[in-house]
Structures are given as structure tokens and as C-alpha cells.
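Student: Supplied structure: query_27.cif, mmCIF, C-alpha atoms.
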```
data_entry
#
loop_
_atom_site.label_atom_id
_atom_site.label_comp_id
_atom_site.auth_asym_id
_atom_site.auth_seq_id
_atom_site.Cartn_x
_atom_site.Cartn_y
_atom_site.Cartn_z
CA MET A 181 -7.49 15.71 -49.00
CA ASP A 182 -10.80 16.67 -50.59
CA SER A 183 -13.08 18.22 -47.94
CA LEU A 184 -16.07 15.99 -48.65
CA LEU A 185 -13.90 12.87 -48.57
CA ALA A 186 -12.22 14.02 -45.34
CA ILE A 187 -15.45 14.66 -43.43
CA THR A 188 -16.89 11.37 -44.72
CA VAL A 189 -13.85 9.50 -43.38
CA VAL A 190 -14.27 11.21 -39.99
CA LEU A 191 -17.99 10.41 -39.83
CA VAL A 192 -17.47 6.77 -40.85
CA VAL A 193 -14.91 6.35 -38.03
CA PHE A 194 -17.34 7.89 -35.53
CA ALA A 195 -20.13 5.65 -36.85
CA ILE A 196 -18.01 2.52 -36.39
CA GLY A 197 -17.23 3.68 -32.85
CA ASP A 198 -20.92 4.20 -32.08
CA PHE A 199 -21.82 0.78 -33.48
CA ILE A 200 -19.22 -1.02 -31.37
CA SER A 201 -20.21 1.01 -28.30
CA TYR A 202 -23.83 -0.05 -28.81
CA LYS A 203 -22.93 -3.71 -29.25
CA THR A 204 -20.78 -3.72 -26.10
CA LYS A 205 -23.33 -1.74 -24.06
CA SER A 206 -20.91 1.22 -23.82
CA ILE A 207 -18.20 -0.86 -22.09
CA VAL A 208 -16.03 -0.12 -25.14
CA SER A 209 -16.68 3.56 -25.76
CA MET A 210 -17.02 5.28 -29.10
CA MET A 211 -14.06 7.46 -28.19
CA PHE A 212 -11.82 4.47 -27.54
CA VAL A 213 -12.68 2.83 -30.86
CA ALA A 214 -12.33 6.09 -32.80
CA SER A 215 -8.99 6.92 -31.19
CA VAL A 216 -7.56 3.49 -32.04
CA LEU A 217 -8.75 3.78 -35.64
CA PHE A 218 -7.45 7.33 -36.05
CA LEU A 219 -4.08 6.49 -34.49
CA ALA A 220 -3.65 3.44 -36.73
CA ALA A 221 -4.73 5.41 -39.80
CA PHE A 222 -2.34 8.30 -39.09
CA TRP A 223 0.53 5.86 -38.52
CA LEU A 224 -0.30 4.16 -41.83
CA GLY A 225 -0.20 7.42 -43.74
CA LEU A 226 -3.59 9.13 -43.40
CA PRO A 227 -2.94 12.89 -43.86
CA GLU A 228 -2.41 14.71 -40.57
CA THR A 229 -4.53 17.51 -42.01
CA LEU A 230 -7.64 15.28 -42.00
CA PHE A 231 -9.67 17.36 -39.54
CA SER A 232 -8.70 20.72 -41.03
CA ASP A 233 -9.38 19.36 -44.53
CA ALA A 234 -12.83 18.36 -43.26
CA GLN A 235 -13.33 22.01 -42.16
CA LEU A 236 -13.99 20.75 -38.60
CA THR A 237 -11.09 22.22 -36.63
CA GLY A 238 -12.23 25.84 -36.64
CA PHE A 239 -15.90 24.89 -36.47
CA GLY A 240 -15.33 22.59 -33.50
CA ALA A 241 -13.36 25.24 -31.60
CA LEU A 242 -16.18 27.71 -32.23
CA MET A 243 -18.80 25.25 -30.98
CA ILE A 244 -17.17 24.69 -27.58
CA GLY A 245 -18.68 27.86 -26.12
CA PHE A 246 -22.09 26.96 -27.52
CA LEU A 247 -21.95 23.41 -26.18
CA ILE A 248 -20.81 24.36 -22.68
CA THR A 249 -23.52 27.03 -22.44
CA HIS A 250 -25.97 24.36 -23.61
CA MET A 251 -24.67 22.05 -20.85
CA GLY A 252 -25.70 24.68 -18.34
CA THR A 253 -29.29 24.42 -19.58
CA LEU A 254 -29.36 20.74 -18.62
CA LEU A 255 -28.96 21.56 -14.93
CA SER A 256 -32.06 21.37 -12.77
CA PHE A 257 -31.74 22.88 -9.31
CA GLU A 258 -34.82 20.89 -8.28
CA ASP A 259 -33.08 17.58 -8.99
CA LEU A 260 -29.93 18.71 -7.22
CA LYS A 261 -31.96 19.66 -4.15
CA LYS A 262 -33.54 16.21 -4.02
CA GLN A 263 -30.17 14.50 -4.38
CA TRP A 264 -28.08 16.95 -2.35
CA LYS A 265 -26.18 14.14 -0.61
CA THR A 266 -25.24 12.69 -3.99
CA VAL A 267 -24.07 16.12 -5.13
CA VAL A 268 -21.84 16.51 -2.06
CA ILE A 269 -20.33 13.03 -2.49
CA ALA A 270 -19.73 13.64 -6.21
CA LEU A 271 -18.01 16.95 -5.48
CA ALA A 272 -15.90 15.28 -2.79
CA ALA A 273 -14.80 12.65 -5.34
CA VAL A 274 -13.73 15.31 -7.84
CA PHE A 275 -11.91 17.18 -5.07
CA GLY A 276 -10.23 13.91 -4.13
CA ILE A 277 -9.03 13.37 -7.69
CA GLY A 278 -7.49 16.83 -7.80
CA ILE A 279 -5.87 16.68 -4.37
CA PHE A 280 -4.59 13.12 -4.64
CA LEU A 281 -3.05 13.66 -8.07
CA LEU A 282 -1.54 16.99 -7.07
CA ILE A 283 -0.01 15.83 -3.77
CA VAL A 284 0.71 12.14 -4.36
CA GLY A 285 0.84 11.99 -8.14
CA SER A 286 3.15 14.96 -8.77
CA PRO A 287 6.32 13.41 -7.26
CA ILE A 288 5.74 10.11 -9.08
CA LEU A 289 4.26 11.13 -12.44
CA GLY A 290 5.67 14.62 -12.73
CA ARG A 291 3.94 17.90 -11.88
CA GLU A 292 2.74 18.68 -15.43
CA TYR A 293 1.30 15.20 -15.93
CA ALA A 294 -0.48 15.23 -12.56
CA ILE A 295 -2.01 18.69 -13.03
CA SER A 296 -3.12 18.11 -16.61
CA ALA A 297 -4.60 14.70 -15.72
CA ALA A 298 -6.91 15.72 -12.87
CA PRO A 299 -9.72 17.48 -14.81
CA PRO A 300 -9.99 14.87 -17.62
CA VAL A 301 -10.01 12.04 -15.05
CA ALA A 302 -12.76 13.92 -13.20
CA GLY A 303 -14.81 14.48 -16.32
CA GLY A 304 -14.50 14.20 -20.03
CA VAL A 305 -14.05 15.92 -23.35
CA VAL A 306 -14.52 19.56 -22.35
CA ALA A 307 -12.12 19.29 -19.41
CA ALA A 308 -9.59 17.60 -21.70
CA ILE A 309 -9.88 20.39 -24.27
CA ILE A 310 -9.30 23.07 -21.63
CA MET A 311 -6.22 21.30 -20.28
CA GLY A 312 -4.97 20.43 -23.76
CA ASP A 313 -5.16 24.08 -24.84
CA ALA A 314 -3.38 25.17 -21.66
CA ALA A 315 -0.65 22.56 -22.20
CA ALA A 316 -0.16 23.56 -25.84
CA ALA A 317 0.10 27.23 -24.82
CA GLN A 318 2.99 26.27 -22.51
CA GLY A 319 4.68 24.23 -25.24
CA PHE A 320 3.75 20.81 -23.82
CA GLU A 321 2.42 19.29 -27.05
CA SER A 322 2.72 15.71 -25.75
CA LEU A 323 0.39 16.61 -22.87
CA ARG A 324 -2.30 17.40 -25.40
CA VAL A 325 -2.14 13.81 -26.62
CA TYR A 326 -1.93 12.65 -23.02
CA VAL A 327 -5.22 14.26 -21.93
CA THR A 328 -6.93 12.88 -25.03
CA LEU A 329 -5.81 9.35 -24.20
CA LEU A 330 -6.98 9.80 -20.61
CA VAL A 331 -10.52 10.52 -21.76
CA VAL A 332 -10.35 7.58 -24.15
CA VAL A 333 -9.36 4.89 -21.63
CA GLN A 334 -10.78 6.12 -18.32
CA GLY A 335 -13.98 4.09 -18.72
CA PHE A 336 -11.97 0.86 -18.54
CA PHE A 337 -11.03 1.85 -14.98
CA GLY A 338 -14.39 3.27 -13.99
CA TYR A 339 -16.81 0.59 -15.20
CA PRO A 340 -15.35 -2.37 -13.26
CA VAL A 341 -15.11 -0.40 -10.00
CA ALA A 342 -18.63 1.02 -10.33
CA SER A 343 -20.06 -2.39 -11.27
CA PHE A 344 -18.40 -4.09 -8.29
CA MET A 345 -19.61 -1.43 -5.84
CA LEU A 346 -23.15 -1.29 -7.23
CA ASN A 347 -23.43 -5.07 -7.06
CA ARG A 348 -22.49 -4.91 -3.38
CA GLU A 349 -25.10 -2.18 -2.88
CA ALA A 350 -27.73 -4.26 -4.71
CA LYS A 351 -27.13 -7.23 -2.41
CA LYS A 352 -27.56 -4.96 0.58
CA ILE A 353 -30.83 -3.61 -0.85
CA LEU A 354 -32.15 -7.13 -1.43
CA ALA A 355 -31.19 -8.18 2.10
CA ASN A 356 -33.58 -5.52 3.41
CA PHE A 357 -36.14 -5.95 0.64
CA ASP A 358 -39.83 -6.05 1.54
CA PRO A 359 -42.08 -6.48 -1.52
CA ASN A 360 -44.97 -4.86 0.37
CA LYS A 361 -43.07 -1.61 0.80
CA VAL A 362 -41.61 -1.07 -2.65
CA LYS A 363 -41.60 2.55 -3.71
CA VAL A 364 -39.62 3.35 -6.81
CA GLU A 365 -38.48 6.90 -7.48
CA GLU A 366 -39.52 8.22 -10.84
CA VAL A 367 -36.42 9.01 -12.79
CA ASP A 368 -36.08 11.09 -15.92
CA THR A 369 -33.55 8.98 -17.82
CA SER A 370 -33.31 11.47 -20.66
CA GLU A 371 -31.72 13.98 -18.26
CA GLN A 372 -34.56 16.38 -18.95
CA VAL A 373 -36.69 17.77 -16.17
CA THR A 374 -40.18 19.15 -16.59
CA GLU A 375 -40.39 22.77 -15.56
CA LYS A 376 -42.67 23.08 -12.53
CA ARG A 377 -42.34 26.74 -11.68
CA LYS A 378 -42.78 29.96 -13.59
CA LYS A 379 -39.74 31.68 -15.00
CA LEU A 380 -38.88 35.37 -14.95
CA ILE A 381 -38.98 35.30 -18.76
CA PRO A 382 -41.94 33.31 -20.15
CA PRO A 383 -41.16 30.61 -22.72
CA LEU A 384 -41.37 31.36 -26.41
CA ASN A 385 -44.34 30.14 -28.38
CA LYS A 386 -43.53 26.73 -29.89
CA ASP A 387 -43.82 28.21 -33.38
CA LEU A 388 -41.05 30.68 -32.51
CA GLN A 389 -38.67 28.03 -31.19
CA THR A 390 -36.93 27.76 -34.53
CA SER A 391 -33.32 26.68 -34.96
CA TYR A 392 -32.28 30.21 -35.85
CA ILE A 393 -33.95 31.89 -32.87
CA LEU A 394 -32.76 29.26 -30.38
CA LEU A 395 -29.17 29.36 -31.64
CA ALA A 396 -29.18 33.17 -31.71
CA LYS A 397 -30.18 33.23 -28.03
CA LEU A 398 -27.57 30.61 -27.21
CA GLY A 399 -24.91 32.59 -29.06
CA LEU A 400 -25.79 35.76 -27.13
CA VAL A 401 -25.45 33.97 -23.79
CA ALA A 402 -22.17 32.29 -24.80
CA LEU A 403 -20.82 35.67 -25.93
CA LEU A 404 -21.85 37.15 -22.58
CA GLY A 405 -19.93 34.36 -20.85
CA PHE A 406 -16.76 35.18 -22.81
CA LYS A 407 -17.08 38.91 -22.09
CA LEU A 408 -17.68 38.38 -18.36
CA ALA A 409 -14.70 36.01 -18.16
CA ALA A 410 -12.53 38.67 -19.83
CA LEU A 411 -13.55 41.11 -17.11
CA THR A 412 -12.04 38.76 -14.51
CA ASN A 413 -8.65 38.90 -16.28
CA GLY A 414 -8.59 35.12 -16.62
CA VAL A 415 -9.38 34.37 -12.97
CA ILE A 416 -12.51 32.57 -14.16
CA HIS A 417 -11.97 30.53 -17.33
CA GLN A 418 -14.20 31.53 -20.23
CA TYR A 419 -15.71 28.07 -20.51
CA VAL A 420 -16.48 27.95 -16.80
CA MET A 421 -18.23 31.30 -17.18
CA CYS A 422 -20.21 29.94 -20.14
CA LEU A 423 -21.43 27.11 -17.91
CA ILE A 424 -22.43 29.58 -15.18
CA VAL A 425 -24.33 31.94 -17.49
CA GLY A 426 -25.96 28.94 -19.19
CA VAL A 427 -27.36 27.78 -15.85
CA ALA A 428 -28.52 31.32 -15.00
CA ALA A 429 -30.13 31.87 -18.41
CA ARG A 430 -32.05 28.61 -18.12
CA GLU A 431 -33.17 29.45 -14.57
CA ILE A 432 -34.63 32.83 -15.57
CA GLY A 433 -36.22 31.37 -18.69
CA PHE A 434 -34.18 33.09 -21.42
CA LEU A 435 -32.76 29.77 -22.62
CA GLU A 436 -34.82 26.65 -23.07
CA GLU A 437 -33.74 23.42 -21.42
CA ASN A 438 -31.59 21.19 -23.66
CA ILE A 439 -31.55 24.04 -26.16
CA MET A 440 -29.14 22.65 -28.77
CA THR A 441 -31.20 19.48 -29.11
CA LEU A 442 -34.32 21.61 -29.57
CA ALA A 443 -32.46 23.56 -32.25
CA ASN A 444 -31.44 20.30 -34.01
CA ALA A 445 -27.83 21.42 -33.71
CA GLN A 446 -26.19 19.19 -31.12
CA GLY A 447 -25.21 16.33 -33.44
CA LEU A 448 -23.11 18.36 -35.86
CA ALA A 449 -21.69 20.45 -33.02
CA MET A 450 -20.52 17.26 -31.28
CA VAL A 451 -18.81 16.13 -34.49
CA GLY A 452 -16.83 19.38 -34.42
CA LEU A 453 -16.05 18.99 -30.74
CA MET A 454 -14.79 15.43 -31.26
CA ALA A 455 -12.59 16.70 -34.09
CA VAL A 456 -10.95 19.15 -31.69
CA ILE A 457 -10.15 16.47 -29.13
CA PHE A 458 -8.99 13.88 -31.70
CA GLY A 459 -6.96 16.41 -33.65
CA SER A 460 -4.01 15.96 -31.30
CA LEU A 461 -3.73 12.29 -32.30
CA ALA A 462 -2.37 13.34 -35.70
CA THR A 463 0.93 14.26 -34.01
CA ALA A 464 1.06 11.21 -31.74
CA THR A 465 3.88 8.93 -32.82
CA PRO A 466 4.11 5.32 -31.57
CA GLU A 467 7.10 6.36 -29.43
CA MET A 468 5.08 9.19 -27.86
CA VAL A 469 2.14 6.91 -27.03
CA LEU A 470 4.47 4.34 -25.44
CA SER A 471 6.20 7.03 -23.39
CA LEU A 472 2.79 8.14 -22.06
CA ALA A 473 1.75 4.65 -20.90
CA PHE A 474 3.14 4.97 -17.36
CA PRO A 475 1.72 8.44 -16.53
CA LEU A 476 -1.56 7.41 -18.20
CA VAL A 477 -2.08 4.32 -16.05
CA GLY A 478 -0.61 6.04 -12.99
CA ALA A 479 -2.97 9.02 -13.25
CA LEU A 480 -6.03 6.79 -13.52
CA VAL A 481 -4.93 4.59 -10.61
CA PHE A 482 -4.29 7.65 -8.43
CA GLY A 483 -7.60 9.12 -9.57
CA VAL A 484 -9.53 6.00 -8.56
CA ILE A 485 -7.77 5.95 -5.17
CA GLY A 486 -8.63 9.63 -4.65
CA ILE A 487 -12.25 8.92 -5.55
CA ALA A 488 -12.44 5.96 -3.16
CA ILE A 489 -10.94 7.82 -0.20
CA PHE A 490 -12.80 11.11 -0.48
CA SER A 491 -16.17 9.74 -1.56
CA SER A 492 -16.02 7.18 1.28
CA ILE A 493 -15.34 9.91 3.82
CA ALA A 494 -18.18 12.06 2.47
CA GLY A 495 -20.48 9.02 2.40
CA LYS A 496 -19.70 8.17 6.02
CA VAL A 497 -20.43 11.74 7.15
CA LEU A 498 -23.71 11.78 5.20
CA LYS A 499 -24.68 8.24 6.29
CA GLU A 500 -24.46 6.82 2.78
CA SER A 501 -23.13 3.27 2.37
CA MET A 502 -19.50 3.00 1.29
CA PRO A 503 -20.21 0.98 -1.90
CA MET A 504 -22.84 3.48 -3.05
CA ALA A 505 -20.61 6.45 -2.22
CA ILE A 506 -17.67 5.04 -4.20
CA ALA A 507 -19.98 4.18 -7.12
CA ILE A 508 -21.22 7.78 -7.09
CA GLY A 509 -17.61 8.99 -7.22
CA THR A 510 -16.62 6.70 -10.09
CA SER A 511 -19.35 8.22 -12.28
CA ALA A 512 -16.69 10.84 -13.07
CA LEU A 513 -14.89 8.21 -15.15
CA PHE A 514 -17.74 7.55 -17.59
CA GLY A 515 -20.82 9.75 -17.01
CA PHE A 516 -24.09 9.41 -18.93
CA PRO A 517 -25.17 7.09 -20.60
CA GLY A 518 -22.81 4.77 -18.70
CA THR A 519 -24.50 5.66 -15.41
CA PHE A 520 -27.87 4.61 -16.83
CA ILE A 521 -26.61 1.45 -18.51
CA ILE A 522 -24.60 0.09 -15.59
CA SER A 523 -27.43 0.74 -13.11
CA ASN A 524 -29.84 -1.26 -15.26
CA GLU A 525 -27.32 -4.08 -15.73
CA VAL A 526 -26.80 -4.37 -11.97
CA ALA A 527 -30.55 -4.35 -11.32
CA ASN A 528 -31.16 -7.04 -13.94
CA ALA A 529 -28.28 -9.19 -12.71
CA ASN A 530 -29.30 -9.14 -9.04
CA GLY A 531 -33.09 -8.91 -9.09
CA LYS A 532 -34.91 -12.22 -9.48
CA THR A 533 -38.33 -10.62 -9.84
CA GLU A 534 -39.53 -7.39 -11.44
CA GLU A 535 -40.23 -5.97 -7.96
CA GLU A 536 -36.67 -6.67 -6.84
CA ARG A 537 -35.23 -5.16 -10.02
CA GLN A 538 -37.32 -2.03 -9.59
CA ALA A 539 -36.34 -1.73 -5.93
CA ILE A 540 -32.64 -1.85 -6.86
CA LEU A 541 -33.07 0.52 -9.77
CA GLY A 542 -35.08 3.00 -7.74
CA ALA A 543 -32.35 3.10 -5.10
CA ILE A 544 -29.29 3.48 -7.32
CA LEU A 545 -30.34 5.02 -10.65
CA PRO A 546 -31.35 8.53 -9.47
CA LYS A 547 -28.07 8.85 -7.56
CA MET A 548 -25.94 7.65 -10.47
CA LEU A 549 -27.63 9.95 -12.98
CA VAL A 550 -27.22 13.04 -10.82
CA ALA A 551 -23.65 12.05 -9.91
CA GLY A 552 -22.63 11.61 -13.56
CA PHE A 553 -24.08 14.96 -14.51
CA MET A 554 -22.48 16.70 -11.54
CA THR A 555 -18.97 15.29 -12.07
CA VAL A 556 -18.64 15.23 -15.85
CA THR A 557 -20.71 18.27 -16.82
CA ILE A 558 -20.02 20.73 -14.02
CA ALA A 559 -17.29 19.86 -11.51
CA SER A 560 -14.67 18.73 -14.04
CA VAL A 561 -15.06 21.95 -16.07
CA VAL A 562 -14.64 24.04 -12.93
CA LEU A 563 -11.63 21.93 -11.89
CA ALA A 564 -10.09 22.48 -15.33
CA GLY A 565 -10.57 26.23 -14.93
CA VAL A 566 -8.69 26.04 -11.63
CA MET A 567 -5.93 23.68 -12.79
CA ALA A 568 -5.15 25.18 -16.21
CA PRO A 569 -3.32 28.26 -14.82
CA LEU A 570 -1.10 25.96 -12.69
CA LEU A 571 0.61 24.42 -15.75
#
```
Would it be possible to restate this file's structure as C-alpha cells?
Tutor:
Amino acid sequence: MDSLLAITVVLVVFAIGDFISYKTKSIVSMMFVASVLFLAAFWLGLPETLFSDAQLTGFGALMIGFLITHMGTLLSFEDLKKQWKTVVIALAAVFGIGIFLLIVGSPILGREYAISAAPPVAGGVVAAIIMGDAAAAQGFESLRVYVTLLVVVQGFFGYPVASFMLNREAKKILANFDPNKVKVEEVDTSEQVTEKRKKLIPPLNKDLQTSYILLAKLGLVALLGFKLAALTNGVIHQYVMCLIVGVAAREIGFLEENIMTLANAQGLAMVGLMAVIFGSLATATPEMVLSLAFPLVGALVFGVIGIAIFSSIAGKVLKESMPMAIAIGTSALFGFPGTFIISNEVANANGKTEEERQAILGAILPKMLVAGFMTVTIASVVLAGVMAPLL
């Protein structure tokens, strides 16, 4: 297929997915819509070489290191300190997913399915790519499709559970509501945090924060992550190391926060990343998809059970309500912007006045935002680095 035609087809599919996601308030995700369209198109004869023809396969693989290092620059230690209980509960939920799938899921679903499912259930695209690459390296090509489908449908399990739990939490908040004592936490819904302390390396002049300079710095840090990971002989996965050095580089001031957005590079990089994850669908036959239905549903059910058990235990120890603790844990199944959208929907549905809505939002939104970032961006990538060698 002509390269320009191929990339246009890919972008149109992504655009349709985004449009439907917007209209359904992210309940139907862009990834779900795009995967259905790509699967149908491949089964109807669309060339399996679509993504390589669009020159996205190699580019997307190259961008993974950049994007994960960029993810590290989104982390604010200040926010994590304020919400340390949320961080602990979120980590407990991810741990619960891994343990429950490994111990309970392995005998029922099969060891390979259980191991490869845990990181994607606990996070998203990056975790799925790590596990998909590990599965392909071991000759389990169907598992590559499997982890892609997990990422695609996990929101359908996460949204209802989170909504139910947050509605229970909202009713509890309103039961104790006193309009004279309303104090709403200020929340940065863009996931960006204003720097409040001086860095070891002072920030560049705004005029020097060009796309080239920002991307050059990001490339140097990502390269450092790969080299350091190589020194561990694979003990620490290269993408996990990229996340670590990204956090460190942001903390000392070498990398700017949200650096790929500042460099106007995140959009195209995400197109490449999506091409990597959807590329496996080209080999997914109808028979293969049907054969994956049981382990797919089973993994998500076991994942939700693991989240409920372990986040509830952590919540009880930390004196957090059970509904809020489980909602924090389920953020692993959809992340941002789902955490923002569902918190606002619950506040609007339960609050009869603006004061009540703000009281609910102030109590649940900061926790959900931090939880989604912690599970999807950090913990799932680390879990994938741990689980990949077990395949």
C-alpha cells in the first residue's frame, strides 16, 4: 500500500476512535473502537502490512524509550507525598493483580496467559508492549494479540466497578456534609505540577526550549536508561530503567516536566506507539480471537478480584473507606482521563448543590488522579519488567 494512503487510513481510524470516545465520555475508549475497526478491516482484506507501509512500525518502536522517559517527567514527588496513602493502596492493588493472577489464575487460565495478563491489566499500552515483546520472543504469537485485547477491553470492567464504589463514597461524604466547613483541595487536572523548589540544574531560558534541544536532552536520558539497563544484564528491564532515569532527570532539573508536550512531539509519537500495539491485530484470525475469549474475561475477572481484596486490606490498615480504596485500585483498569471524567460524573450525579458537588470532587478527585498515574504509568511498567522474564 502507498505510504501516504496507509498512514492516512491509520489516522482516520484513530480519529474515529477519538470522536466516539469523546461522545461516550470515554466509556467506549479510542483503543476499543480502533481495535474493532482494524480487526474488521484486516478480516475483510486490508493489507497486513498496513502499519509497516505507513512507516510507523520502526518509528513507534523507537519512540517507546522516549515516551517512557517522558512519563518519568510527569511524576511529582510532592504530590505523591501528599497522597501517600493513595500511593500505598494503588501499589497494593497492582500487587494484588499480580499475585492473584499468578497463584489463582495460572491453574485455570494457564501459566503463560496469567503471567502475560497481569501487567496489562494493571496498566496499559506500555505494559502490554513489554509483555507482547516477551511473548513473541518465546514464540507465543497469540499472546501478543491477547495482551492487546486486554488493554482494549479492560475499561469495560473498570468503569462500572469504579463508578459503583465512588457513588457509595459520595453518599457517605454527603451524609457527613456540612456546608459551613467545605474545603476543596486544589487539583491540577492536567497532571502538571508547578515547580516549587529549586533544581540542581536551573531551567533553560524559554527561548532555548526548542523542539530540537528538548528532544536531544530526552534522547540522551533515554539512551542512558538503555545503557544502565544493559549493565544489569537484563535484571532491570530497559523500559523500567528509562522510567527511573526520567524521574531522576526531572528531579535534578535536566529534563523539563511534560517534556514531549513542550517539544510538540507527543502526538506523533503516540501514533507510532499505537501502531506498535495494534500491529499484532494483523495476525489475529477470527478463530484466534474466539479462542482468547475465555482467558481474556478470566484474567480481567481475576484482576478485579485481586484489586478488591488487596486494596481493601490496604485501605483498612490505612483507615481509608473500603469503597474509596477499591475505586483507587480500579484506576489501574482505565487511568487518566477516565479518573478525571468518572470523578466529575459521580460528583454531578450525587451533589444537589454546587457546594455538595465540590465537596465530593475535592474528596475523591485528587486520590483518583494520583492513583491512575501511579498504577498505569509507574507500577504496571515495573510489574511488566518483573513478569516478562517469567514467560
Student: Applying the PyMOL selection byres ((chain A and resi 526) around 12) to the file I just gave you, which residues come out? Please list them as a PyMOL selection string.
Tutor: chain A and resi 339-340+342-351+353+507+519-525+527-532+536-545
Student: May I have the residues from that selection written out with C-alpha atoms, as a compact mmCIF listing (two decimals), in the frame of the given file?
Tutor:
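Result saved to result23.txt:
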```
# COMPACT_ATOMS: atom_id res chain seq x y z
CA TYR A 339 -16.81 0.59 -15.20
CA PRO A 340 -15.35 -2.37 -13.26
CA ALA A 342 -18.63 1.02 -10.33
CA SER A 343 -20.06 -2.39 -11.27
CA PHE A 344 -18.40 -4.09 -8.29
CA MET A 345 -19.61 -1.43 -5.84
CA LEU A 346 -23.15 -1.29 -7.23
CA ASN A 347 -23.43 -5.07 -7.06
CA ARG A 348 -22.49 -4.91 -3.38
CA GLU A 349 -25.10 -2.18 -2.88
CA ALA A 350 -27.73 -4.26 -4.71
CA LYS A 351 -27.13 -7.23 -2.41
CA ILE A 353 -30.83 -3.61 -0.85
CA ALA A 507 -19.98 4.18 -7.12
CA THR A 519 -24.50 5.66 -15.41
CA PHE A 520 -27.87 4.61 -16.83
CA ILE A 521 -26.61 1.45 -18.51
CA ILE A 522 -24.60 0.09 -15.59
CA SER A 523 -27.43 0.74 -13.11
CA ASN A 524 -29.84 -1.26 -15.26
CA GLU A 525 -27.32 -4.08 -15.73
CA ALA A 527 -30.55 -4.35 -11.32
CA ASN A 528 -31.16 -7.04 -13.94
CA ALA A 529 -28.28 -9.19 -12.71
CA ASN A 530 -29.30 -9.14 -9.04
CA GLY A 531 -33.09 -8.91 -9.09
CA LYS A 532 -34.91 -12.22 -9.48
CA GLU A 536 -36.67 -6.67 -6.84
CA ARG A 537 -35.23 -5.16 -10.02
CA GLN A 538 -37.32 -2.03 -9.59
CA ALA A 539 -36.34 -1.73 -5.93
CA ILE A 540 -32.64 -1.85 -6.86
CA LEU A 541 -33.07 0.52 -9.77
CA GLY A 542 -35.08 3.00 -7.74
CA ALA A 543 -32.35 3.10 -5.10
CA ILE A 544 -29.29 3.48 -7.32
CA LEU A 545 -30.34 5.02 -10.65
```
Student: Taking the file as shown, what set of residues would the PyMOL selection byres ((chain A and resi 478-488) around 10) give back, as a ChimeraX atom specification?
Tutor: /A:269-282,284-286,288-289,293-298,300-302,330,333-338,341,472-477,489-493,502-503,505-513
Student: Using all atoms listed in the file, pick whichever of A:Ala410, A:Ala308, A:Leu191, A:Leu323 has the shortest atom-to-atom distance to Ser560 in chain A.
Tutor: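 Comparing A:Ala410, A:Ala308, A:Leu191, A:Leu323 against Ser560 in chain A, the winner is A:Ala308.
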Student: Can you list what the PyMOL selection byres ((chain A and resi 207) around 9) grabs from this structure, as a list in words?
Tutor: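 Selection result, ordered by chain and number: Ser201, Tyr202, Thr204, Lys205, Ser206, Val208, Ser209, Gly335, Phe336, Tyr339 and Gly518 of chain A.
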Student: Separation of CA of Met548 in chain A and CA of Lys261 in chain A, in Å?
Tutor: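 Interatomic distance here is 14.8 Å.
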Student: One number please: CA of Leu498 in chain A to CA of Arg430 in chain A, in Å, one decimal.
Tutor: 29.9 Å
Student: Determine the nearest neighbour of Leu242 in chain A from the options A:Leu403, A:Ala559, A:Pro287, A:Leu461, counting all atoms listed in the file.
Tutor: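 Ranked by minimum distance to Leu242 in chain A, first place goes to A:Leu403.
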Student: Distance cut-off 10 Å, centre (-24.0, 16.9, -12.7) in file coordinates, counting all atoms listed in the file: which residues qualify? Return them as a PyMOL selection string.
Tutor: chain A and resi 251-252+254-256+259-260+266-267+270-271+371+511-512+515-516+548-560
Student: Of the residues A:Ala462, A:Leu380, A:Ala214, A:Leu398, which is the one nearest to Glu431 in chain A, using all atoms listed in the file?
Tutor: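 Residue with the minimum atom-to-atom distance to Glu431 in chain A: A:Leu380.
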Student: Kindly indicate which residue among A:Leu219, A:Ala315, A:Ile416, A:Leu226 lies nearest to Leu563 in chain A, using all atoms listed in the file for the distances.
Tutor: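 Looking only at the distances to Leu563 in chain A, the closest residue turns out to be A:Ile416.
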Student: Here is a test: counting all atoms listed in the file, which residue of A:Ile424, A:Lys386, A:Phe194, A:Phe239 is nearest to Val216 in chain A?
Tutor: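 Ranking A:Ile424, A:Lys386, A:Phe194, A:Phe239 by distance to Val216 in chain A, first place goes to A:Phe194.
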Student: Record the distance separating CA of Thr465 in chain A and CA of Leu570 in chain A, expressed in Å with one decimal.
Tutor: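 CA of Leu570 in chain A lies at a distance of 26.8 Å from CA of Thr465 in chain A.
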Student: List the spatial neighbours of Leu453 in chain A as a list in words - criterion: any atom at most 8 Å away, all atoms listed in the file, same-chain residues fewer than 6 positions off excluded.
Tutor: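 Here the qualifying residues turn out to be Gly240, Ala241, Met243 and Ile244 of chain A.
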Student: With all atoms listed in the file as the atoms that count, which of A:Val420, A:Val415, A:Ala186, A:Ala317 lies nearest to Val562 in chain A?
Tutor: A:Val420
Student: Which residues are near Pro569 in chain A? Cut-off 9 Å, all atoms listed in the file, ignore same chain within fewer than 4 positions. Put them as a short mmCIF file (atom, residue, chain, number, x, y, z; two decimals) with C-alpha atoms, keeping the file's coordinate frame.
Tutor:
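Heads up, here's the output in selection_13.cif:
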```cif
data_model
loop_
_atom_site.label_atom_id
_atom_site.label_comp_id
_atom_site.auth_asym_id
_atom_site.auth_seq_id
_atom_site.Cartn_x
_atom_site.Cartn_y
_atom_site.Cartn_z
CA ALA A 314 -3.38 25.17 -21.66
CA GLY A 414 -8.59 35.12 -16.62
CA VAL A 415 -9.38 34.37 -12.97
CA ALA A 564 -10.09 22.48 -15.33
CA GLY A 565 -10.57 26.23 -14.93
#
```
